[in-house]
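Data from final_30.tsv: TSV, C-alpha atoms
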chain	number	residue	atom	x	y	z
A	172	MET	CA	43.20	-39.78	208.38
A	173	PHE	CA	39.83	-37.99	208.16
A	174	LEU	CA	39.62	-38.67	204.42
A	175	GLU	CA	40.22	-42.40	204.92
A	176	PHE	CA	38.14	-42.84	208.05
A	177	GLY	CA	35.29	-40.76	206.66
A	178	ALA	CA	35.27	-42.81	203.47
A	179	VAL	CA	35.25	-46.05	205.50
A	180	VAL	CA	32.34	-44.97	207.74
A	181	LEU	CA	30.32	-43.68	204.79
A	182	GLY	CA	30.99	-46.94	202.97
A	183	LEU	CA	29.77	-48.88	206.01
A	184	GLY	CA	26.56	-46.87	205.96
A	185	ILE	CA	25.99	-47.80	202.32
A	186	LEU	CA	26.75	-51.46	203.04
A	187	GLY	CA	24.36	-51.41	206.01
A	188	ALA	CA	21.59	-50.02	203.81
A	189	LEU	CA	22.26	-52.76	201.26
A	190	ALA	CA	22.11	-55.43	203.98
A	191	LEU	CA	18.76	-54.08	205.18
A	192	ARG	CA	17.38	-54.20	201.65
A	193	VAL	CA	18.55	-57.80	201.12
A	194	GLY	CA	17.44	-58.87	204.62
A	195	ILE	CA	20.75	-60.13	205.99
A	196	SER	CA	23.06	-59.11	208.83
A	197	PRO	CA	25.49	-56.34	207.80
A	198	ILE	CA	28.39	-58.07	209.62
A	199	PRO	CA	29.58	-60.11	206.59
A	200	LEU	CA	29.61	-56.95	204.47
A	201	TYR	CA	31.62	-55.10	207.13
A	202	LEU	CA	34.15	-57.95	207.20
A	203	ILE	CA	34.41	-57.90	203.40
A	204	ALA	CA	35.01	-54.13	203.53
A	205	GLY	CA	37.86	-54.71	205.99
A	206	LEU	CA	39.33	-57.39	203.73
A	207	ALA	CA	39.17	-55.00	200.78
A	208	PHE	CA	41.02	-52.20	202.58
A	209	GLY	CA	43.50	-54.28	204.59
A	210	THR	CA	46.81	-55.93	203.77
A	211	GLY	CA	46.55	-57.66	200.42
A	212	GLY	CA	43.26	-55.91	199.66
A	213	ILE	CA	42.21	-53.70	196.76
A	214	LEU	CA	43.10	-50.37	198.41
A	215	PRO	CA	45.03	-50.75	201.71
A	216	LEU	CA	44.57	-47.96	204.27
A	217	ALA	CA	47.74	-46.04	205.12
A	218	THR	CA	47.19	-43.70	208.06
A	219	SER	CA	43.99	-44.45	209.96
A	220	GLU	CA	44.66	-48.02	211.10
A	221	GLU	CA	45.79	-47.01	214.61
A	222	PHE	CA	42.69	-44.87	215.13
A	223	THR	CA	40.54	-47.72	213.78
A	224	ALA	CA	42.17	-50.13	216.25
A	225	VAL	CA	41.13	-47.95	219.21
A	226	GLY	CA	37.64	-47.61	217.77
A	227	ALA	CA	37.47	-51.40	217.40
A	228	GLU	CA	38.27	-51.89	221.11
A	229	LEU	CA	35.54	-49.41	222.01
A	230	GLY	CA	33.18	-51.35	219.76
A	231	VAL	CA	33.76	-54.59	221.66
A	232	ILE	CA	33.26	-52.86	225.02
A	233	LEU	CA	30.01	-51.18	223.91
A	234	LEU	CA	28.69	-54.42	222.35
A	235	LEU	CA	29.15	-56.31	225.60
A	236	LEU	CA	27.90	-53.41	227.74
A	237	THR	CA	24.61	-53.24	225.85
A	238	LEU	CA	24.30	-57.03	225.97
A	239	GLY	CA	24.70	-56.90	229.76
A	240	LEU	CA	21.94	-54.28	229.94
A	241	GLU	CA	19.54	-56.90	228.53
A	242	TYR	CA	19.70	-58.83	231.82
A	243	ASN	CA	19.63	-58.08	235.51
A	244	ALA	CA	21.60	-60.05	238.08
A	245	ASP	CA	18.59	-61.95	239.50
A	246	GLU	CA	17.41	-63.05	236.04
A	247	LEU	CA	20.95	-64.13	235.28
A	248	VAL	CA	21.19	-66.41	238.32
A	249	THR	CA	17.69	-67.87	237.80
A	250	SER	CA	18.39	-68.51	234.12
A	251	LEU	CA	21.67	-70.25	234.86
A	252	LYS	CA	20.11	-72.52	237.48
A	253	GLY	CA	17.29	-73.58	235.18
A	254	ASN	CA	19.31	-74.17	232.03
A	255	ALA	CA	22.74	-75.20	233.27
A	256	ARG	CA	22.48	-78.70	231.77
A	257	ALA	CA	21.52	-77.37	228.34
A	258	GLY	CA	24.36	-74.84	228.63
A	259	ILE	CA	26.88	-77.62	229.25
A	260	VAL	CA	25.53	-79.58	226.24
A	261	ASP	CA	25.92	-76.39	224.19
A	262	LEU	CA	29.53	-76.00	225.35
A	263	VAL	CA	30.51	-79.62	224.60
A	264	LEU	CA	28.75	-79.90	221.24
A	265	ASN	CA	29.92	-76.59	219.82
A	266	ALA	CA	33.42	-76.15	221.25
A	267	ALA	CA	34.42	-79.63	220.06
A	268	PRO	CA	34.39	-78.96	216.26
A	269	GLY	CA	36.84	-76.05	216.51
A	270	ALA	CA	39.18	-77.80	218.92
A	271	ILE	CA	39.20	-81.05	216.92
A	272	CYS	CA	39.80	-79.13	213.68
A	273	ALA	CA	42.85	-77.31	215.09
A	274	LEU	CA	44.31	-80.51	216.56
A	275	LEU	CA	43.83	-82.47	213.32
A	276	LEU	CA	45.59	-79.67	211.43
A	277	GLY	CA	48.49	-79.85	213.89
A	278	TRP	CA	48.10	-76.26	215.12
A	279	GLY	CA	48.76	-77.19	218.75
A	280	PRO	CA	46.78	-76.97	221.99
A	281	VAL	CA	46.74	-73.15	222.25
A	282	ALA	CA	45.21	-72.74	218.79
A	283	ALA	CA	42.80	-75.59	219.64
A	284	VAL	CA	41.54	-73.70	222.70
A	285	ALA	CA	41.14	-70.55	220.59
A	286	MET	CA	39.25	-72.38	217.83
A	287	ALA	CA	37.00	-74.02	220.44
A	288	GLY	CA	35.87	-70.53	221.44
A	289	VAL	CA	35.44	-69.46	217.82
A	290	THR	CA	32.98	-72.30	217.08
A	291	TYR	CA	31.26	-72.23	220.48
A	292	ALA	CA	29.76	-68.78	220.96
A	293	THR	CA	26.56	-67.69	219.22
A	294	SER	CA	26.33	-64.04	218.13
A	295	SER	CA	23.99	-62.49	220.71
A	296	GLY	CA	23.58	-59.36	218.59
A	297	ILE	CA	22.58	-61.16	215.39
A	298	THR	CA	20.36	-63.64	217.24
A	299	ALA	CA	18.54	-60.84	219.06
A	300	LYS	CA	17.95	-59.11	215.71
A	301	VAL	CA	16.64	-62.33	214.13
A	302	LEU	CA	14.22	-62.88	217.03
A	303	SER	CA	12.98	-59.30	216.73
A	304	ASP	CA	12.74	-59.15	212.92
A	305	LEU	CA	10.79	-62.42	212.64
A	306	GLY	CA	8.46	-61.69	215.56
A	307	TRP	CA	9.81	-64.55	217.69
A	308	ILE	CA	10.38	-62.45	220.85
A	309	GLY	CA	7.10	-63.55	222.45
A	310	ASN	CA	7.50	-67.26	221.60
A	311	ARG	CA	7.86	-69.88	224.32
A	312	GLU	CA	11.30	-70.95	223.11
A	313	THR	CA	12.80	-67.44	223.25
A	314	PRO	CA	13.58	-67.50	227.03
A	315	VAL	CA	15.42	-70.80	226.42
A	316	VAL	CA	17.50	-69.22	223.64
A	317	LEU	CA	18.29	-66.18	225.79
A	318	SER	CA	19.30	-68.34	228.75
A	319	LEU	CA	21.77	-70.21	226.52
A	320	LEU	CA	23.20	-66.89	225.35
A	321	VAL	CA	23.64	-65.80	228.99
A	322	PHE	CA	25.35	-69.11	229.82
A	323	GLU	CA	27.70	-68.61	226.87
A	324	ASP	CA	28.52	-65.05	227.95
A	325	LEU	CA	29.38	-66.14	231.49
A	326	THR	CA	31.40	-69.06	230.12
A	327	MET	CA	33.33	-66.47	228.12
A	328	ALA	CA	34.08	-64.64	231.38
A	329	ILE	CA	35.97	-67.75	232.50
A	330	TYR	CA	37.27	-68.80	229.08
A	331	LEU	CA	38.85	-65.50	228.01
A	332	PRO	CA	41.27	-65.23	230.98
A	333	VAL	CA	42.32	-68.85	230.38
A	334	LEU	CA	42.90	-68.18	226.68
A	335	THR	CA	44.76	-64.93	227.43
A	336	ALA	CA	47.09	-66.75	229.83
A	337	MET	CA	47.77	-69.49	227.27
A	338	LEU	CA	48.42	-66.98	224.49
A	339	ALA	CA	50.83	-65.09	226.73
A	340	GLY	CA	52.79	-68.32	227.20
A	341	LEU	CA	52.61	-68.16	230.98
A	342	SER	CA	53.85	-71.08	233.07
A	343	LEU	CA	51.36	-73.39	234.73
A	344	LEU	CA	51.71	-71.49	238.01
A	345	GLY	CA	51.58	-68.09	236.33
A	346	GLY	CA	48.56	-69.12	234.28
A	347	ALA	CA	46.79	-70.48	237.36
A	348	VAL	CA	47.41	-67.22	239.23
A	349	THR	CA	46.13	-65.19	236.26
A	350	VAL	CA	42.98	-67.29	235.97
A	351	ALA	CA	42.42	-67.18	239.76
A	352	ILE	CA	42.68	-63.37	239.71
A	353	ALA	CA	40.32	-63.21	236.75
A	354	LEU	CA	37.72	-65.49	238.35
A	355	GLY	CA	38.00	-63.56	241.62
A	356	THR	CA	37.41	-60.29	239.76
A	357	VAL	CA	34.37	-61.69	237.95
A	358	SER	CA	32.98	-63.08	241.23
A	359	VAL	CA	33.43	-59.75	243.04
A	360	VAL	CA	31.68	-57.81	240.26
A	361	LEU	CA	28.81	-60.34	240.19
A	362	VAL	CA	28.35	-60.10	243.97
A	363	VAL	CA	28.38	-56.31	243.75
A	364	ALA	CA	25.80	-56.46	240.93
A	365	LEU	CA	23.57	-58.86	242.89
A	366	ARG	CA	23.70	-57.20	246.30
A	367	TYR	CA	24.60	-53.58	245.67
A	368	GLY	CA	23.24	-52.94	242.18
A	369	ARG	CA	20.78	-50.38	243.58
A	370	PHE	CA	23.67	-48.21	244.80
A	371	ILE	CA	25.34	-48.33	241.39
A	372	GLU	CA	22.04	-47.41	239.77
A	373	ALA	CA	21.59	-44.50	242.20
A	374	PHE	CA	25.06	-43.23	241.30
A	375	VAL	CA	24.54	-43.54	237.55
A	376	ARG	CA	20.92	-42.33	237.38
A	377	SER	CA	20.29	-38.86	235.97
A	378	PRO	CA	17.28	-37.07	234.44
A	379	ASN	CA	19.64	-35.58	231.85
A	380	SER	CA	20.44	-37.93	228.93
A	381	GLU	CA	23.87	-36.42	228.35
A	382	VAL	CA	24.92	-36.95	231.97
A	383	LEU	CA	23.49	-40.49	231.99
A	384	LEU	CA	25.39	-41.40	228.80
A	385	LEU	CA	28.68	-40.02	230.17
A	386	LYS	CA	28.28	-41.84	233.48
A	387	VAL	CA	27.39	-45.22	231.94
A	388	VAL	CA	30.14	-45.13	229.29
A	389	GLY	CA	32.68	-43.77	231.77
A	390	LEU	CA	31.90	-46.46	234.35
A	391	ALA	CA	32.02	-49.20	231.68
A	392	LEU	CA	35.39	-48.02	230.36
A	393	LEU	CA	36.79	-47.67	233.88
A	394	VAL	CA	35.73	-51.18	234.92
A	395	ALA	CA	36.89	-52.56	231.56
A	396	GLY	CA	40.30	-50.97	232.12
A	397	VAL	CA	40.58	-52.36	235.65
A	398	ALA	CA	39.50	-55.80	234.40
A	399	GLN	CA	42.14	-55.66	231.69
A	400	GLN	CA	44.84	-54.82	234.25
A	401	LEU	CA	43.72	-57.87	236.26
A	402	GLN	CA	44.03	-60.14	233.19
A	403	VAL	CA	40.26	-60.27	232.62
A	404	SER	CA	38.85	-59.34	229.22
A	405	ALA	CA	37.85	-55.67	229.09
A	406	ALA	CA	34.70	-56.73	227.24
A	407	VAL	CA	33.67	-59.05	230.09
A	408	GLY	CA	34.16	-56.19	232.56
A	409	ALA	CA	31.81	-54.04	230.49
A	410	PHE	CA	29.29	-56.91	230.31
A	411	LEU	CA	29.21	-57.14	234.10
A	412	VAL	CA	28.63	-53.37	234.40
A	413	GLY	CA	25.60	-53.80	232.14
A	414	ILE	CA	24.26	-56.56	234.39
A	415	ALA	CA	24.51	-54.25	237.43
A	416	LEU	CA	22.02	-51.83	235.82
A	417	SER	CA	18.40	-52.87	235.36
A	418	GLY	CA	14.84	-51.70	234.86
A	419	GLU	CA	13.98	-48.35	233.33
A	420	LEU	CA	17.53	-47.10	233.80
A	421	ALA	CA	18.90	-49.96	231.65
A	422	GLU	CA	16.31	-49.25	228.95
A	423	ASP	CA	17.23	-45.54	228.87
A	424	ALA	CA	20.94	-46.39	228.73
A	425	GLN	CA	20.36	-48.85	225.87
A	426	ALA	CA	18.53	-46.24	223.83
A	427	LEU	CA	21.36	-43.73	224.34
A	428	LEU	CA	24.12	-46.23	223.65
A	429	ALA	CA	22.61	-47.79	220.52
A	430	PRO	CA	24.06	-45.30	217.97
A	431	LEU	CA	27.52	-45.35	219.60
A	432	ARG	CA	27.48	-49.15	219.77
A	433	ASP	CA	26.46	-49.52	216.12
A	434	LEU	CA	29.17	-47.11	214.92
A	435	PHE	CA	32.07	-48.63	216.83
A	436	ALA	CA	30.85	-52.23	216.41
A	437	ALA	CA	30.96	-51.71	212.63
A	438	VAL	CA	34.49	-50.32	213.00
A	439	PHE	CA	35.43	-53.41	215.03
A	440	PHE	CA	34.35	-55.81	212.27
A	441	VAL	CA	36.15	-53.74	209.67
A	442	PHE	CA	39.32	-53.76	211.78
A	443	PHE	CA	39.27	-57.55	211.98
A	444	GLY	CA	39.00	-57.64	208.22
A	445	LEU	CA	41.91	-55.18	207.98
A	446	GLN	CA	44.07	-57.61	209.96
A	447	THR	CA	43.25	-60.54	207.65
A	448	ASP	CA	44.93	-60.99	204.30
A	449	PRO	CA	42.15	-61.94	201.84
A	450	THR	CA	44.63	-63.89	199.70
A	451	LYS	CA	44.94	-66.37	202.58
A	452	ILE	CA	41.20	-67.09	202.79
A	453	GLY	CA	41.10	-69.09	199.55
A	454	PRO	CA	43.19	-72.02	200.85
A	455	VAL	CA	40.98	-72.38	203.97
A	456	ALA	CA	37.60	-71.66	202.33
A	457	GLY	CA	36.68	-75.33	201.93
A	458	LEU	CA	37.58	-76.06	205.54
A	459	ALA	CA	35.55	-73.03	206.68
A	460	VAL	CA	32.48	-74.30	204.80
A	461	LEU	CA	32.85	-77.78	206.31
A	462	LEU	CA	33.29	-76.34	209.81
A	463	ALA	CA	30.28	-74.06	209.29
A	464	VAL	CA	28.05	-76.98	208.23
A	465	VAL	CA	29.11	-79.03	211.27
A	466	SER	CA	28.47	-76.02	213.53
A	467	MET	CA	24.99	-75.50	212.09
A	468	ILE	CA	24.12	-79.10	212.92
A	469	THR	CA	25.52	-78.90	216.47
A	470	LYS	CA	23.69	-75.64	217.20
A	471	LEU	CA	20.43	-77.09	215.84
A	472	LEU	CA	20.87	-80.11	218.12
A	473	THR	CA	21.57	-77.76	221.05
A	474	GLY	CA	18.41	-75.74	220.42
A	475	VAL	CA	16.26	-78.84	220.00
A	476	TYR	CA	17.63	-80.40	223.21
A	477	ALA	CA	17.17	-77.25	225.30
A	478	ALA	CA	13.68	-76.49	223.99
A	479	ARG	CA	12.53	-80.11	224.39
A	480	ARG	CA	13.64	-80.09	228.04
A	481	ALA	CA	11.45	-77.00	228.50
A	482	GLY	CA	8.44	-78.87	227.08
A	483	ILE	CA	8.30	-76.90	223.82
A	484	ALA	CA	6.79	-78.37	220.64
A	485	LYS	CA	8.76	-79.34	217.52
A	486	ALA	CA	8.23	-76.03	215.71
A	487	GLY	CA	9.62	-74.14	218.71
A	488	GLN	CA	12.54	-76.57	218.96
A	489	ALA	CA	13.42	-75.88	215.31
A	490	ARG	CA	13.21	-72.11	215.83
A	491	ALA	CA	15.45	-72.32	218.90
A	492	GLY	CA	18.10	-74.24	216.97
A	493	ILE	CA	18.00	-71.87	214.00
A	494	ALA	CA	18.24	-68.80	216.24
A	495	LEU	CA	21.52	-70.11	217.70
A	496	ILE	CA	23.31	-70.54	214.33
A	497	PRO	CA	24.75	-67.02	213.74
A	498	ARG	CA	28.32	-66.23	214.78
A	499	GLY	CA	29.78	-62.75	215.06
A	500	GLU	CA	31.13	-60.56	217.87
A	501	PHE	CA	32.71	-62.95	220.39
A	502	ASN	CA	34.04	-65.26	217.67
A	503	ILE	CA	35.92	-62.41	216.03
A	504	VAL	CA	37.14	-61.13	219.41
A	505	ILE	CA	38.62	-64.56	220.23
A	506	ALA	CA	40.19	-64.94	216.80
A	507	GLY	CA	41.57	-61.40	217.05
A	508	LEU	CA	43.26	-62.20	220.37
A	509	ALA	CA	44.76	-65.37	218.92
A	510	VAL	CA	45.97	-63.68	215.74
A	511	ALA	CA	47.52	-60.77	217.68
A	512	ALA	CA	49.40	-63.29	219.87
A	513	GLY	CA	50.61	-65.25	216.83
A	514	ALA	CA	48.77	-68.50	217.67
A	515	HIS	CA	48.77	-69.68	214.03
A	516	PRO	CA	48.86	-67.73	210.75
A	517	GLU	CA	45.87	-69.56	209.25
A	518	LEU	CA	43.61	-69.14	212.29
A	519	GLY	CA	42.59	-65.57	211.37
A	520	PRO	CA	41.60	-66.30	207.76
A	521	LEU	CA	39.73	-69.47	208.80
A	522	ALA	CA	37.82	-67.62	211.53
A	523	ALA	CA	37.00	-64.74	209.17
A	524	ALA	CA	35.62	-67.09	206.49
A	525	TYR	CA	33.74	-69.13	209.11
A	526	VAL	CA	32.06	-66.05	210.63
A	527	LEU	CA	31.29	-64.65	207.16
A	528	ILE	CA	29.38	-67.83	206.30
A	529	LEU	CA	27.41	-68.16	209.54
A	530	ALA	CA	26.75	-64.44	210.08
A	531	ALA	CA	25.19	-64.31	206.61
A	532	PHE	CA	23.52	-67.72	206.56
A	533	GLY	CA	22.06	-67.63	210.11
A	534	PRO	CA	19.49	-64.82	209.53
A	535	LEU	CA	18.86	-66.05	205.98
A	536	ALA	CA	18.16	-69.59	207.21
A	537	ALA	CA	15.70	-68.25	209.78
A	538	ARG	CA	13.80	-66.38	207.06
A	539	LEU	CA	13.79	-69.33	204.66
A	540	VAL	CA	12.76	-71.89	207.27
A	541	GLN	CA	10.05	-69.69	208.85
A	542	PRO	CA	7.29	-70.87	206.43
A	543	LEU	CA	8.26	-74.52	207.02
A	544	VAL	CA	8.24	-74.04	210.80
A	545	THR	CA	4.82	-72.36	210.58
A	546	ALA	CA	3.47	-75.30	208.57
A	547	ILE	CA	4.80	-77.76	211.18
A	548	ALA	CA	3.15	-75.75	213.96
A	549	LYS	CA	-0.21	-75.69	212.14
A	550	ARG	CA	-0.09	-79.43	211.49
A	551	ALA	CA	0.72	-80.10	215.16
Here is a file; write its structure as structure tokens.
Amino acid sequence: MFLEFGAVVLGLGILGALALRVGISPIPLYLIAGLAFGTGGILPLATSEEFTAVGAELGVILLLLTLGLEYNADELVTSLKGNARAGIVDLVLNAAPGAICALLLGWGPVAAVAMAGVTYATSSGITAKVLSDLGWIGNRETPVVLSLLVFEDLTMAIYLPVLTAMLAGLSLLGGAVTVAIALGTVSVVLVVALRYGRFIEAFVRSPNSEVLLLKVVGLALLVAGVAQQLQVSAAVGAFLVGIALSGELAEDAQALLAPLRDLFAAVFFVFFGLQTDPTKIGPVAGLAVLLAVVSMITKLLTGVYAARRAGIAKAGQARAGIALIPRGEFNIVIAGLAVAAGAHPELGPLAAAYVLILAAFGPLAARLVQPLVTAIAKRA
């Protein structure tokens, strides 16, 4: 196991260095590595898959925990109130391509709901990196982009329990009960974060970095486990823990969590690749390209609409749309849930190819279009 897992992690480090040199997100390379070492790949792993599966779950939890640390509860509520209309436009425009695609292919309503989530959610991690790398953090359109990402994350808190109930094949009553429990859990955690966040911060706070790291990770895993027992996504539970922490404490926690998050997030993407047979991607490659092109257009329209409502000029509208293109973490999580539940055999390969295209093209498009956007801004 150590030989295999060590070789995989070292290989990921080499791929990450290559991605940095080329100037793209490493996520597509991690997915390709998983495809190479999974079923039907060049050299399938034999013993470390179970360990990798646990590491992948930790990766999802840490990704969403660190994303939650980016916001505090008050900012979350304010952002949602100000950009709710743009968030709804984002949901309609970008969930529709996936749902329509699944229905036209005859995959059924459950697969349609899963594909709607796959095409809807922007990769918060990749988008944040694009904004930072290109120096767009201080731009006027950036708060609009971040508010849309928050809206998407909270929509996921409602969507994931619904999808989980559908994948489990629960009856209408059973599904309604599951969703009601999930929504109640999310509401309780949000209220606790809004009203009693200072008590949580007081409990977690420590001058010692080791103690702080253990408390934050332990609390996130505990809440994620409870959420999972209540039919809420464990990742959403971790996201809500992140929201409960704010200020300097959140910044310290982020700095401590970053290496852990990066390690296990890479393992998560590899694990998804391990679950996907690369020989099945070829037949859906053309469809993945078509779906990716449609999604690029719908995300561009979303960014332009949201930025225009905020009174931002054309260059900023273009940047907002481009920043929303990448797909990654949530899309793979949703596809992973659907594949594990047996929604449709082609859903996994299609989602993998789709994310590969947009995770690679999103940051690249931002870099290529940057000079054009700058020229538009100067002319204006």
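If you look at atom CA of A:Ala514 and atom CA of A:Leu445, they are 17.8 Å away from each other.
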Checklist entry - What gap, in Å, lies between atom CA of A:Ala285 and atom CA of A:Leu302? => result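 Computing the Euclidean distance for atom CA of A:Ala285 and atom CA of A:Leu302 yields 28.2 Å.
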Checklist entry - Can you list, as an NGL selection string, every protein, DNA or RNA residue that comes within 7 Å of stretch 411-426 of chain A when you count only C-alpha atoms, leaving out same-chain residues fewer than 6 positions away? => result :A and (236-237 or 239-240 or 242-244 or 360-361 or 364 or 368 or 372 or 376 or 384 or 391)
Based on the selection just made, write C-alpha atoms of those residues as a JSON list (two decimals), in the coordinates of the input.
[["chain", "number", "residue", "atom", "x", "y", "z"],
["A", 236, "LEU", "CA", 27.90, -53.41, 227.74],
["A", 237, "THR", "CA", 24.61, -53.24, 225.85],
["A", 239, "GLY", "CA", 24.70, -56.90, 229.76],
["A", 240, "LEU", "CA", 21.94, -54.28, 229.94],
["A", 242, "TYR", "CA", 19.70, -58.83, 231.82],
["A", 243, "ASN", "CA", 19.63, -58.08, 235.51],
["A", 244, "ALA", "CA", 21.60, -60.05, 238.08],
["A", 360, "VAL", "CA", 31.68, -57.81, 240.26],
["A", 361, "LEU", "CA", 28.81, -60.34, 240.19],
["A", 364, "ALA", "CA", 25.80, -56.46, 240.93],
["A", 368, "GLY", "CA", 23.24, -52.94, 242.18],
["A", 372, "GLU", "CA", 22.04, -47.41, 239.77],
["A", 376, "ARG", "CA", 20.92, -42.33, 237.38],
["A", 384, "LEU", "CA", 25.39, -41.40, 228.80],
["A", 391, "ALA", "CA", 32.02, -49.20, 231.68]]
Item to check | Contact residues around A:Val321 with only C-alpha atoms at 12 Å, ignoring same-chain residues under 3 positions, as a ChimeraX atom specification | outcome: /A:235,238-244,246-255,257-258,261,292-295,314-318,324-328,410-411,414
Checklist entry - Using all atoms listed in the file, which residue out of A:Ala351, A:Leu264, A:Leu276, A:Ala190 lies closest to A:Ala531? => result A:Ala190
Checklist entry - What is the atom CA of A:Ala491 to atom CA of A:Gly474 distance in Å? => result 4.8 Å
Item to check | Minimum-distance residue to A:Arg432, chosen among A:Gly519, A:Gly226, A:Gly389, A:Gly487 (using only C-alpha atoms) | outcome: A:Gly226
Next on the checklist: Please determine, counting all atoms listed in the file, which residue among A:Ala484, A:Val504, A:Ala512, A:Ala489 has the shortest atom-to-atom distance to A:Leu472.
Outcome noted: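 Nearest candidate to A:Leu472 out of A:Ala484, A:Val504, A:Ala512, A:Ala489: A:Ala489.
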Checklist entry - A:Ile259, A:Ala178, A:Val540, A:Ala273: which is nearest A:Leu319, counting all atoms listed in the file? => result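 Looking only at the distances to A:Leu319, the closest residue turns out to be A:Ile259.
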Checklist entry - Looking at A:Gly177, A:Pro542, A:Pro197, A:Gly230, which one is nearest to A:Leu431, with distances taken over all atoms listed in the file? => result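 Residue with the minimum atom-to-atom distance to A:Leu431: A:Gly230.
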Item to check | Nearest to A:Pro454 by atom-to-atom distance, counting all atoms listed in the file, from A:Ala406, A:Ile352, A:Glu517, A:Ile505 | outcome: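 So, comparing all the options, the nearest one is A:Glu517.
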Checklist entry - Neighbours of A:Cys272 within 12 Å (all atoms listed in the file; same-chain residues fewer than 2 positions away dropped), as JSON, numbers by chain? => result {"A": [265, 266, 267, 268, 269, 270, 274, 275, 276, 277, 278, 279, 280, 282, 283, 284, 285, 286, 287, 289, 290, 455, 458, 459, 461, 462, 463, 465, 466, 518, 521, 522]}
Checklist entry - Excluding same-chain residues fewer than 4 positions from A:Thr473, what lies within 7 Å of it counting all atoms listed in the file, as JSON, numbers by chain? => result {"A": [260, 261, 469, 477, 492]}
